[in-house]
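Undergrad: Got a structure for you, written out below as structure tokens; questions coming shortly.
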Amino acid sequence: SQELEQSPQSLIVQEGKNLTINCTSSKTLYGLYWYKQKYGEGLIFLMMLQKGGEEKSHEKITAKLDEKKQQSSLHITASQPSHAGIYLCGAVSGGSNYKLTFGKGTLLTVNP
Amino acid sequence: DSGVTQTPKHLITATGQRVTLRCSPRSGDLSVYWYQQSLDQGLQFLIQYYNGEERAKGNILERFSAQQFPDLHSELNLSSLELGDSALYFCASSVGALAGGTDTQYFGPGTRLTVL
């Protein structure tokens, strides 16, 4: 089965700093999703990447899917306290049984 | 607000009991997915329904069952509850039948289940 490893597990940054979160898959990614979760709350959809080399941006968050489609990175520019939360990557398993598998998440703390 | 609603928000019950969690998908979405989130296991896919039929199954225990009704809302039934079933249970919905590729799942706020 597909496994997703996120790094780092947690990250503390000073407001205004840039940061990157990585998501590495054990198998080829057919679709890669990034979600953000506030502790104890629901997941908020950020972006979906499908094609190798694809890059998408939303406000100060940019996500990329590498050419070989086994790794994705999420980059936040000029972080703000509102960026704090848990970032989860999710990926589609191929074959006839499509379902989302999630990484364990990266806890981001942004200190003002 | 994702448009997906879940009730109740919190549920406290005892071991051996049975509970029902309810989910209403976004308007127009035909697929409903159930997930369990715990500190040690992370977010685990349980089951998916599309337009009333079971479409995909994940790590769902035999003590758990789900269904999707004609009005597309879904219920997750958890029986013979154990302490280890304490977790956040999320429902998500999407337009189509597939979890990925061309579709996006939108998550509800979750139901926090505590088994004492």
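A note on labels: chains of the structure tokens are A, B, ... as shown, every chain counts residues from 1, and ligands are counted from 1 in their shown order.
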Show me, as a list in words, every residue of chain A with an atom at most 9 Å from chain B, counting only C-alpha atoms.
TA: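 Listing them in order of chain and number gives Tyr30, Gly31, Leu32, Tyr33, Gly40, Glu41, Gly42, Leu43, Ile44, Phe45, Met48, Leu49, Gln50, Ala91, Val92, Ser93, Asn97, Tyr98, Lys99, Leu100, Thr101, Phe102, Gly103, Lys104 and Gly105 of chain A.
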Undergrad: As a PyMOL selection string, which residues of range 35-112 of chain A does DSSP assign to strand (DSSP E or B)?
TA: chain A and resi 35-37+43-49+55-58+61-65+71-76+85-92+100-102+106-111
Undergrad: Excluding same-chain residues fewer than 3 positions from Ser10 in chain A, what lies within 12 Å of it counting only C-alpha atoms, as a list of chain:residue names?
TA: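 Selected residues are A:Gln6, A:Ser7, A:Val13, A:Leu19, A:Thr20, A:Ile21, A:Asn22, A:Ala84, A:Gly85, A:Ile86, A:Tyr87, A:Leu88, A:Lys104, A:Gly105, A:Thr106, A:Leu107, A:Leu108, A:Thr109, A:Val110.
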Undergrad: Which neighbours of Asn18 in chain A fall inside 8 Å, counting only C-alpha atoms, when residues of the same chain fewer than 5 positions from it are skipped, and could you give them as a PDB file with C-alpha atoms, in the first residue's frame?
TA:
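out.pdb, written as the output of this step:
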ATOM      1  CA  HIS A  75       6.528  26.380   0.526  1.00  0.00           C
ATOM      2  CA  ILE A  76       5.258  29.283   2.605  1.00  0.00           C
ATOM      3  CA  THR A  77       6.709  32.698   1.971  1.00  0.00           C
ATOM      4  CA  ALA A  78       6.854  35.349   4.693  1.00  0.00           C
ATOM      5  CA  SER A  79       5.015  33.196   7.229  1.00  0.00           C
TER       6      SER A  79
END
Undergrad: Counting only C-alpha atoms, which residue out of B:Pro25, B:Gly96, B:Gly3, B:Gly16 sits closest to Val115 in chain B?
TA: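 When distances to Val115 in chain B are compared using only C-alpha atoms, the smallest one comes from B:Gly16.
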Undergrad: For the atom pair CA of Arg26 in chain B and CA of Gly52 in chain B, what is the interatomic distance in Å to one decimal place?
TA: 15.0 Å
Undergrad: I need the residue nearest Ser94 in chain B from this list: B:Leu72, B:Leu61, B:Val19, B:Ile12. Use only C-alpha atoms for the distance.
TA: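 Comparing B:Leu72, B:Leu61, B:Val19, B:Ile12 against Ser94 in chain B, the winner is B:Leu72.
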